[in-house]
file upload_0.tsv (TSV, C-alpha atoms)
chain	number	residue	atom	x	y	z
H	1	MET	CA	-2.06	-24.74	-0.43
H	2	CYS	CA	-5.59	-24.50	-1.85
H	3	VAL	CA	-7.01	-27.68	-3.38
H	4	PRO	CA	-9.99	-27.21	-5.73
H	5	LEU	CA	-13.20	-28.81	-4.52
H	6	TYR	CA	-13.45	-31.09	-7.54
H	7	ARG	CA	-10.05	-32.57	-6.68
H	8	GLN	CA	-11.03	-32.93	-3.05
H	9	GLU	CA	-14.17	-34.75	-4.22
H	10	GLN	CA	-12.03	-37.20	-6.21
H	11	GLU	CA	-9.65	-37.73	-3.30
H	12	TRP	CA	-12.47	-38.42	-0.85
H	13	LEU	CA	-13.99	-40.87	-3.32
H	14	ARG	CA	-10.68	-42.75	-3.54
H	15	GLN	CA	-10.88	-43.07	0.24
H	16	GLY	CA	-14.37	-44.57	-0.11
H	17	ILE	CA	-16.23	-41.46	1.03
H	18	PRO	CA	-18.78	-40.06	-1.48
H	19	LEU	CA	-18.54	-36.37	-0.54
H	20	SER	CA	-19.78	-34.09	-3.32
H	21	ARG	CA	-18.22	-30.77	-4.25
H	22	GLN	CA	-21.65	-29.14	-3.90
H	23	THR	CA	-21.78	-30.15	-0.24
H	24	MET	CA	-18.27	-28.83	0.38
H	25	ALA	CA	-19.11	-25.60	-1.46
H	26	ASN	CA	-22.11	-25.11	0.82
H	27	TRP	CA	-19.86	-25.64	3.84
H	28	VAL	CA	-17.43	-22.99	2.54
H	29	ILE	CA	-20.24	-20.51	1.92
H	30	GLN	CA	-21.78	-21.03	5.34
H	31	ALA	CA	-18.43	-20.78	7.12
H	32	SER	CA	-17.65	-17.57	5.25
H	33	GLY	CA	-20.96	-16.01	6.24
H	34	ASP	CA	-20.81	-17.14	9.86
H	35	TRP	CA	-17.16	-16.49	10.61
H	36	LEU	CA	-15.26	-14.61	7.91
H	37	GLU	CA	-17.74	-11.84	7.05
H	38	PRO	CA	-17.98	-10.58	10.66
H	39	LEU	CA	-14.19	-10.64	10.87
H	40	TYR	CA	-13.92	-8.75	7.57
H	41	GLU	CA	-16.35	-6.07	8.79
H	42	LYS	CA	-14.41	-5.73	12.04
H	43	MET	CA	-11.19	-5.25	10.07
H	44	ARG	CA	-12.91	-2.74	7.78
H	45	THR	CA	-14.02	-0.70	10.80
H	46	HIS	CA	-10.44	-0.71	12.10
H	47	LEU	CA	-9.09	0.16	8.64
H	48	LEU	CA	-11.39	3.19	8.38
H	49	SER	CA	-10.19	4.46	11.74
H	50	HIS	CA	-6.93	5.43	10.02
H	51	LYS	CA	-6.55	8.77	8.25
H	52	VAL	CA	-4.13	7.60	5.56
H	53	LEU	CA	-5.08	4.73	3.24
H	54	HIS	CA	-4.10	3.25	-0.12
H	55	ALA	CA	-6.45	1.91	-2.80
H	56	ASP	CA	-6.02	0.03	-6.05
H	57	GLU	CA	-8.02	-2.18	-8.38
H	58	THR	CA	-6.82	-5.07	-10.51
H	59	VAL	CA	-8.44	-7.03	-13.29
H	60	CYS	CA	-9.75	-10.52	-12.64
H	61	GLN	CA	-12.03	-12.90	-14.52
H	62	VAL	CA	-14.88	-14.95	-13.12
H	63	LEU	CA	-16.15	-17.98	-15.02
H	64	ARG	CA	-19.89	-18.47	-15.43
H	65	GLU	CA	-20.78	-15.16	-13.82
H	66	PRO	CA	-24.48	-14.39	-14.40
H	67	GLY	CA	-25.03	-11.83	-17.13
H	68	LYS	CA	-21.35	-11.64	-18.17
H	69	LYS	CA	-19.21	-13.41	-20.74
H	70	ALA	CA	-16.30	-15.48	-19.40
H	71	ASN	CA	-13.74	-13.13	-21.00
H	72	THR	CA	-15.28	-9.97	-19.53
H	73	ASN	CA	-13.15	-8.07	-17.04
H	74	SER	CA	-14.17	-7.92	-13.41
H	75	TYR	CA	-12.19	-6.21	-10.67
H	76	MET	CA	-10.69	-6.96	-7.29
H	77	TRP	CA	-10.56	-3.72	-5.34
H	78	LEU	CA	-7.96	-3.34	-2.62
H	79	TYR	CA	-7.85	-1.04	0.40
H	80	ARG	CA	-5.01	-1.00	2.89
H	81	THR	CA	-3.39	0.97	5.67
H	82	SER	CA	-0.30	3.09	5.08
H	83	GLY	CA	3.13	3.23	6.67
H	84	ASP	CA	1.82	5.03	9.75
H	85	SER	CA	-0.03	1.90	10.88
H	86	LYS	CA	1.70	-0.41	13.34
H	87	THR	CA	-0.63	-3.27	12.33
H	88	PRO	CA	-1.13	-3.35	8.53
H	89	ILE	CA	-4.59	-4.22	7.26
H	90	VAL	CA	-5.21	-5.25	3.64
H	91	LEU	CA	-8.78	-5.88	2.49
H	92	TYR	CA	-9.98	-7.09	-0.91
H	93	GLU	CA	-13.43	-6.59	-2.37
H	94	TYR	CA	-14.66	-8.21	-5.57
H	95	GLN	CA	-16.81	-6.06	-7.86
H	96	PRO	CA	-18.02	-6.78	-11.41
H	97	THR	CA	-17.09	-3.28	-12.67
H	98	ARG	CA	-14.52	-0.50	-12.27
H	99	SER	CA	-17.16	2.08	-11.35
H	100	SER	CA	-16.23	4.82	-8.88
H	101	SER	CA	-19.39	3.91	-6.98
H	102	HIS	CA	-17.48	1.03	-5.37
H	103	PRO	CA	-14.85	3.07	-3.47
H	104	LYS	CA	-17.56	5.62	-2.63
H	105	ARG	CA	-19.60	2.91	-0.96
H	106	PHE	CA	-16.65	1.19	0.72
H	107	LEU	CA	-15.34	4.49	2.12
H	108	ASP	CA	-18.75	5.90	3.00
H	109	GLY	CA	-18.45	8.18	6.03
H	110	TRP	CA	-14.65	8.16	5.99
H	111	ASP	CA	-12.45	11.22	5.55
H	112	GLY	CA	-8.70	11.35	5.17
H	113	TYR	CA	-5.91	10.92	2.62
H	114	LEU	CA	-6.25	8.22	-0.03
H	115	HIS	CA	-3.22	7.17	-2.08
H	116	THR	CA	-4.22	6.04	-5.59
H	117	ASP	CA	-2.89	5.74	-9.10
H	118	GLY	CA	-4.08	8.10	-11.83
H	119	TYR	CA	-7.41	6.37	-12.49
H	120	SER	CA	-10.09	9.06	-12.81
H	121	GLY	CA	-12.61	6.96	-10.88
H	122	TYR	CA	-10.93	8.11	-7.66
H	123	HIS	CA	-11.15	11.79	-8.56
H	124	ASN	CA	-14.82	12.35	-7.76
H	125	LEU	CA	-14.95	10.93	-4.26
H	126	PRO	CA	-16.67	12.92	-1.46
H	127	PRO	CA	-15.01	16.23	-0.44
H	128	GLY	CA	-13.70	14.83	2.84
H	129	ILE	CA	-11.40	12.44	0.95
H	130	THR	CA	-8.15	13.95	-0.32
H	131	VAL	CA	-6.69	11.87	-3.13
H	132	VAL	CA	-2.89	11.70	-3.20
H	133	GLY	CA	-1.37	10.94	-6.60
H	134	CYS	CA	1.44	8.49	-7.31
H	135	TRP	CA	4.79	9.85	-8.48
H	136	VAL	CA	5.89	6.35	-9.51
H	137	HIS	CA	3.05	6.08	-12.02
H	138	MET	CA	4.02	9.48	-13.39
H	139	ARG	CA	7.71	8.55	-13.58
H	140	ARG	CA	6.84	5.43	-15.58
H	141	LYS	CA	5.57	7.63	-18.40
H	142	PHE	CA	9.01	9.20	-18.70
H	143	GLU	CA	10.63	5.76	-18.46
H	144	GLU	CA	8.49	4.70	-21.42
H	145	ALA	CA	9.59	7.82	-23.27
H	146	LEU	CA	13.23	6.97	-22.53
H	147	LYS	CA	12.80	3.42	-23.84
H	148	SER	CA	11.40	4.82	-27.09
H	149	THR	CA	14.48	7.02	-27.50
H	150	PRO	CA	17.31	5.57	-29.65
H	151	GLU	CA	20.01	4.18	-27.37
H	152	ASP	CA	22.68	6.53	-28.65
H	153	GLU	CA	20.45	9.53	-27.81
H	154	ARG	CA	19.28	8.53	-24.34
H	155	LYS	CA	22.17	10.00	-22.37
H	156	GLY	CA	21.35	13.61	-21.59
H	157	SER	CA	17.87	13.35	-23.10
H	158	SER	CA	14.88	15.17	-21.60
H	159	ALA	CA	13.31	11.86	-20.60
H	160	GLN	CA	16.44	10.86	-18.69
H	161	GLU	CA	16.62	14.28	-17.04
H	162	ALA	CA	12.98	14.00	-15.93
H	163	ILE	CA	13.70	10.61	-14.33
H	164	ARG	CA	16.78	12.06	-12.61
H	165	ARG	CA	14.79	14.98	-11.17
H	166	ILE	CA	12.03	12.72	-9.87
H	167	GLY	CA	14.66	10.40	-8.44
H	168	LYS	CA	15.97	13.22	-6.24
H	169	LEU	CA	12.59	13.37	-4.50
H	170	PHE	CA	12.71	9.66	-3.74
H	171	HIS	CA	16.30	9.96	-2.52
H	172	LEU	CA	15.26	12.60	0.00
H	173	GLU	CA	12.41	10.40	1.19
H	174	ASP	CA	14.90	7.61	1.84
H	175	LEU	CA	16.99	9.96	3.96
H	176	TRP	CA	13.94	11.04	5.99
H	177	ARG	CA	12.37	7.61	6.31
H	178	ASN	CA	12.85	7.31	10.09
H	179	LEU	CA	11.89	10.85	11.03
H	180	ALA	CA	8.69	11.81	12.83
H	181	PRO	CA	5.94	13.00	10.44
H	182	ASP	CA	6.11	16.63	11.59
H	183	GLU	CA	9.87	16.79	11.14
H	184	ARG	CA	9.62	15.06	7.77
H	185	GLN	CA	6.91	17.47	6.67
H	186	LYS	CA	9.07	20.48	7.57
H	187	LEU	CA	11.99	19.17	5.52
H	188	ARG	CA	9.73	18.32	2.59
H	189	LEU	CA	8.39	21.85	2.41
H	190	GLU	CA	11.90	23.29	2.66
H	191	GLN	CA	13.69	20.95	0.26
H	192	SER	CA	11.61	18.58	-1.84
H	193	LYS	CA	8.58	20.75	-2.66
H	194	PRO	CA	10.76	23.39	-4.39
H	195	LEU	CA	12.36	20.59	-6.43
H	196	ALA	CA	8.92	19.38	-7.51
H	197	GLU	CA	7.84	22.89	-8.46
H	198	ASP	CA	11.03	23.33	-10.49
H	199	PHE	CA	10.32	19.99	-12.19
H	200	PHE	CA	6.98	21.21	-13.51
H	201	VAL	CA	8.46	24.54	-14.59
H	202	TRP	CA	11.14	22.64	-16.45
H	203	ILE	CA	8.90	20.11	-18.27
H	204	ASN	CA	6.64	22.96	-19.39
H	205	SER	CA	9.63	24.84	-20.83
H	206	LEU	CA	10.72	21.97	-23.07
H	207	PRO	CA	10.74	22.76	-26.83
H	208	MET	CA	7.33	22.21	-28.36
H	209	LYS	CA	8.84	20.07	-31.11
H	210	ASP	CA	9.92	17.54	-28.44
H	211	VAL	CA	6.60	17.28	-26.61
H	212	LEU	CA	4.05	17.01	-29.39
H	213	PRO	CA	0.86	15.21	-28.19
H	214	LYS	CA	1.56	11.94	-30.02
H	215	MET	CA	5.21	11.74	-29.01
H	216	PRO	CA	6.10	9.57	-25.97
H	217	LEU	CA	7.69	12.51	-24.17
H	218	GLY	CA	4.68	14.68	-24.98
H	219	LYS	CA	2.37	12.04	-23.52
H	220	ALA	CA	4.51	11.90	-20.37
H	221	VAL	CA	4.43	15.68	-19.94
H	222	LYS	CA	0.68	15.79	-20.48
H	223	TYR	CA	0.11	13.00	-17.95
H	224	ALA	CA	2.27	14.81	-15.37
H	225	ASN	CA	0.36	18.07	-15.86
H	226	ASP	CA	-3.02	16.33	-15.78
H	227	GLN	CA	-2.11	14.59	-12.52
H	228	ARG	CA	-0.40	17.54	-10.83
H	229	LYS	CA	-3.45	18.47	-8.73
H	230	TRP	CA	-3.25	15.11	-6.96
H	231	LEU	CA	0.53	14.75	-7.05
H	232	ASP	CA	0.89	18.04	-5.17
H	233	ASN	CA	-1.28	16.76	-2.32
H	234	PHE	CA	1.75	14.78	-1.15
H	235	TRP	CA	3.03	17.90	0.61
H	236	LEU	CA	-0.07	18.29	2.80
H	237	ASP	CA	0.97	15.84	5.52
H	238	GLY	CA	4.20	14.24	6.71
H	239	ARG	CA	2.56	10.81	6.89
H	240	LEU	CA	1.96	10.68	3.15
H	241	GLU	CA	4.08	8.78	0.60
H	242	LEU	CA	5.36	9.58	-2.88
H	243	SER	CA	3.88	6.43	-4.35
H	244	ASN	CA	0.99	4.01	-4.15
H	245	ASN	CA	3.41	1.06	-4.17
H	246	ARG	CA	1.98	-0.36	-0.95
H	247	ALA	CA	-1.31	-1.02	-2.70
H	248	GLU	CA	0.31	-2.22	-5.92
H	249	ASN	CA	2.51	-4.67	-4.03
H	250	SER	CA	-0.52	-5.98	-2.14
H	251	SER	CA	-2.42	-6.38	-5.41
H	252	GLY	CA	0.43	-8.58	-6.60
H	253	LEU	CA	-0.47	-11.10	-3.91
H	254	LEU	CA	-3.70	-11.98	-5.74

call {"tool": "encode", "arguments": {"input": "upload_0.tsv", "output": "structure tokens"}}
result
Amino acid sequence: MCVPLYRQEQEWLRQGIPLSRQTMANWVIQASGDWLEPLYEKMRTHLLSHKVLHADETVCQVLREPGKKANTNSYMWLYRTSGDSKTPIVLYEYQPTRSSSHPKRFLDGWDGYLHTDGYSGYHNLPPGITVVGCWVHMRRKFEEALKSTPEDERKGSSAQEAIRRIGKLFHLEDLWRNLAPDERQKLRLEQSKPLAEDFFVWINSLPMKDVLPKMPLGKAVKYANDQRKWLDNFWLDGRLELSNNRAENSSGLL
């Protein structure tokens, strides 16, 4: 359990020891620089030795940050290994903005596959980095469309059918979970990739009246088409995953 320094200061004072929070803060800063930063850099080097990574960024707020109001969003960026790593590594990096310059700098010199959500900041990384889109994020758009559909019309609706089709891809991944990457890749190309291609043919054949731009289903279809370039990268390597859930789940630990 973490105890704030001001509470530690009060507790020490009750014990008759006048130990200021400023002194303890200086100890924390020095220990971080002397011991934790070298460890972090060592872990970063090991992280970047892997060819499949996940990335995510989550909003956080910092009080009394120079040049920023207290209610201004800052971001905690996250980078982690994927399922092909025997020893998972999860690293966090605080940054005051959501600029794409941050992952560019963190991943400088690295090439490989990077799982991300649909945030456009990941889509202009160096050519050696192949961004892999998240089918879960795309499915959520159809789930939102289903929720907006009257309950008595949901069964058999296009939104429900889209969720069912995407679910078949995840079902196959569950069946192939314990296979070697090469074997999994072969089955994906034979079975799941055709299903994904049929999915996009199907959503683009829906009646125009049902997928108007401002309609929830229309927004879901547009998002899927806009993200397809990165969603399709999933079929490039058997080590890749349909979702960026590993990063999202790690972000939830903050």

call {"tool": "closest_residue", "arguments": {"input": "upload_0.tsv", "among": "H:Pro18, H:Pro66, H:Pro126, H:Pro216", "to": "Trp110 in chain H", "atoms": "all atoms listed in the file"}}
result
H:Pro126

call {"tool": "closest_residue", "arguments": {"input": "upload_0.tsv", "among": "H:Gly109, H:Gly128, H:Gly121, H:Gly133", "to": "Phe234 in chain H", "atoms": "only C-alpha atoms"}}
result
H:Gly133

call {"tool": "residues_around", "arguments": {"input": "upload_0.tsv", "residues": "range 135-137 of chain H", "least_positions_apart": "6", "cutoff": "10 Å", "atoms": "only C-alpha atoms", "output": "number ranges by chain"}}
result
H: 116-118, 143, 166-167, 169-170, 223-224, 227-228, 230-232, 234, 241-245

call {"tool": "atom_distance", "arguments": {"input": "upload_0.tsv", "atom1": "CA of Ser148 in chain H", "atom2": "CA of Arg165 in chain H"}}
result
19.2 Å

call {"tool": "closest_residue", "arguments": {"input": "upload_0.tsv", "among": "H:Asp226, H:Glu183, H:Asp84, H:Glu144", "to": "Leu47 in chain H", "atoms": "only C-alpha atoms"}}
result
H:Asp84

call {"tool": "residues_around", "arguments": {"input": "upload_0.tsv", "residues": "Val221 in chain H", "least_positions_apart": "3", "cutoff": "8 Å", "atoms": "only C-alpha atoms", "output": "list of chain:residue names"}}
result
H:Ile203, H:Asn204, H:Val211, H:Leu217, H:Gly218, H:Ala224, H:Asn225

call {"tool": "residues_near_point", "arguments": {"input": "upload_0.tsv", "point": "(-7.9, 11.2, 3.6)", "cutoff": "10 Å", "atoms": "all atoms listed in the file", "output": "ChimeraX atom specification"}}
result
/H:48,50-54,110-115,127-132,240

call {"tool": "atom_distance", "arguments": {"input": "upload_0.tsv", "atom1": "CA of Ser85 in chain H", "atom2": "CA of His46 in chain H"}}
result
10.8 Å

call {"tool": "atom_distance", "arguments": {"input": "upload_0.tsv", "atom1": "CA of Thr23 in chain H", "atom2": "CA of Tyr6 in chain H"}}
result
11.1 Å

call {"tool": "residues_around", "arguments": {"input": "upload_0.tsv", "residues": "Pro103 in chain H", "least_positions_apart": "3", "cutoff": "10 Å", "atoms": "only C-alpha atoms", "output": "list in words"}}
result
Ala55, Asp56, Glu57, Trp77, Leu78, Tyr79, Glu93, Arg98, Ser99, Ser100, Phe106, Leu107, Asp108, Gly121, Tyr122 and Leu125 of chain H

call {"tool": "closest_residue", "arguments": {"input": "upload_0.tsv", "among": "H:Leu5, H:Ala159, H:Leu206, H:Leu179", "to": "Arg21 in chain H", "atoms": "all atoms listed in the file"}}
result
H:Leu5

call {"tool": "decode", "arguments": {"input": "upload_0.tsv", "residues": "range 156-171 of chain H", "atoms": "N, CA and C atoms", "output": "PDB file, in the first residue's frame"}}
result
ATOM      1  N   GLY H 156     -31.965 -10.445 -35.124  1.00  0.00           N
ATOM      2  CA  GLY H 156     -31.910 -10.491 -36.580  1.00  0.00           C
ATOM      3  C   GLY H 156     -31.508  -9.191 -37.232  1.00  0.00           C
ATOM      4  N   SER H 157     -31.176  -8.176 -36.409  1.00  0.00           N
ATOM      5  CA  SER H 157     -30.766  -6.889 -36.977  1.00  0.00           C
ATOM      6  C   SER H 157     -29.371  -6.974 -37.587  1.00  0.00           C
ATOM      7  N   SER H 158     -29.029  -5.986 -38.412  1.00  0.00           N
ATOM      8  CA  SER H 158     -27.708  -5.969 -39.048  1.00  0.00           C
ATOM      9  C   SER H 158     -26.608  -5.806 -38.008  1.00  0.00           C
ATOM     10  N   ALA H 159     -26.873  -5.038 -36.965  1.00  0.00           N
ATOM     11  CA  ALA H 159     -25.868  -4.857 -35.910  1.00  0.00           C
ATOM     12  C   ALA H 159     -25.594  -6.183 -35.217  1.00  0.00           C
ATOM     13  N   GLN H 160     -26.639  -6.931 -34.926  1.00  0.00           N
ATOM     14  CA  GLN H 160     -26.466  -8.235 -34.277  1.00  0.00           C
ATOM     15  C   GLN H 160     -25.731  -9.203 -35.201  1.00  0.00           C
ATOM     16  N   GLU H 161     -26.058  -9.167 -36.478  1.00  0.00           N
ATOM     17  CA  GLU H 161     -25.385 -10.044 -37.439  1.00  0.00           C
ATOM     18  C   GLU H 161     -23.904  -9.706 -37.552  1.00  0.00           C
ATOM     19  N   ALA H 162     -23.567  -8.424 -37.510  1.00  0.00           N
ATOM     20  CA  ALA H 162     -22.158  -8.014 -37.571  1.00  0.00           C
ATOM     21  C   ALA H 162     -21.400  -8.572 -36.363  1.00  0.00           C
ATOM     22  N   ILE H 163     -22.005  -8.471 -35.186  1.00  0.00           N
ATOM     23  CA  ILE H 163     -21.372  -8.980 -33.966  1.00  0.00           C
ATOM     24  C   ILE H 163     -21.190 -10.493 -34.063  1.00  0.00           C
ATOM     25  N   ARG H 164     -22.187 -11.179 -34.623  1.00  0.00           N
ATOM     26  CA  ARG H 164     -22.108 -12.638 -34.772  1.00  0.00           C
ATOM     27  C   ARG H 164     -20.959 -13.015 -35.701  1.00  0.00           C
ATOM     28  N   ARG H 165     -20.817 -12.311 -36.807  1.00  0.00           N
ATOM     29  CA  ARG H 165     -19.764 -12.609 -37.773  1.00  0.00           C
ATOM     30  C   ARG H 165     -18.373 -12.372 -37.167  1.00  0.00           C
ATOM     31  N   ILE H 166     -18.229 -11.281 -36.454  1.00  0.00           N
ATOM     32  CA  ILE H 166     -16.940 -11.001 -35.811  1.00  0.00           C
ATOM     33  C   ILE H 166     -16.661 -12.040 -34.735  1.00  0.00           C
ATOM     34  N   GLY H 167     -17.705 -12.469 -34.041  1.00  0.00           N
ATOM     35  CA  GLY H 167     -17.545 -13.466 -33.001  1.00  0.00           C
ATOM     36  C   GLY H 167     -16.992 -14.781 -33.526  1.00  0.00           C
ATOM     37  N   LYS H 168     -17.304 -15.136 -34.769  1.00  0.00           N
ATOM     38  CA  LYS H 168     -16.785 -16.366 -35.359  1.00  0.00           C
ATOM     39  C   LYS H 168     -15.273 -16.315 -35.467  1.00  0.00           C
ATOM     40  N   LEU H 169     -14.721 -15.140 -35.733  1.00  0.00           N
ATOM     41  CA  LEU H 169     -13.261 -15.002 -35.810  1.00  0.00           C
ATOM     42  C   LEU H 169     -12.625 -15.266 -34.447  1.00  0.00           C
ATOM     43  N   PHE H 170     -13.229 -14.722 -33.410  1.00  0.00           N
ATOM     44  CA  PHE H 170     -12.702 -14.926 -32.059  1.00  0.00           C
ATOM     45  C   PHE H 170     -12.872 -16.384 -31.616  1.00  0.00           C
ATOM     46  N   HIS H 171     -13.938 -17.018 -32.054  1.00  0.00           N
ATOM     47  CA  HIS H 171     -14.145 -18.432 -31.717  1.00  0.00           C
ATOM     48  C   HIS H 171     -13.038 -19.284 -32.318  1.00  0.00           C
TER      49      HIS H 171
END
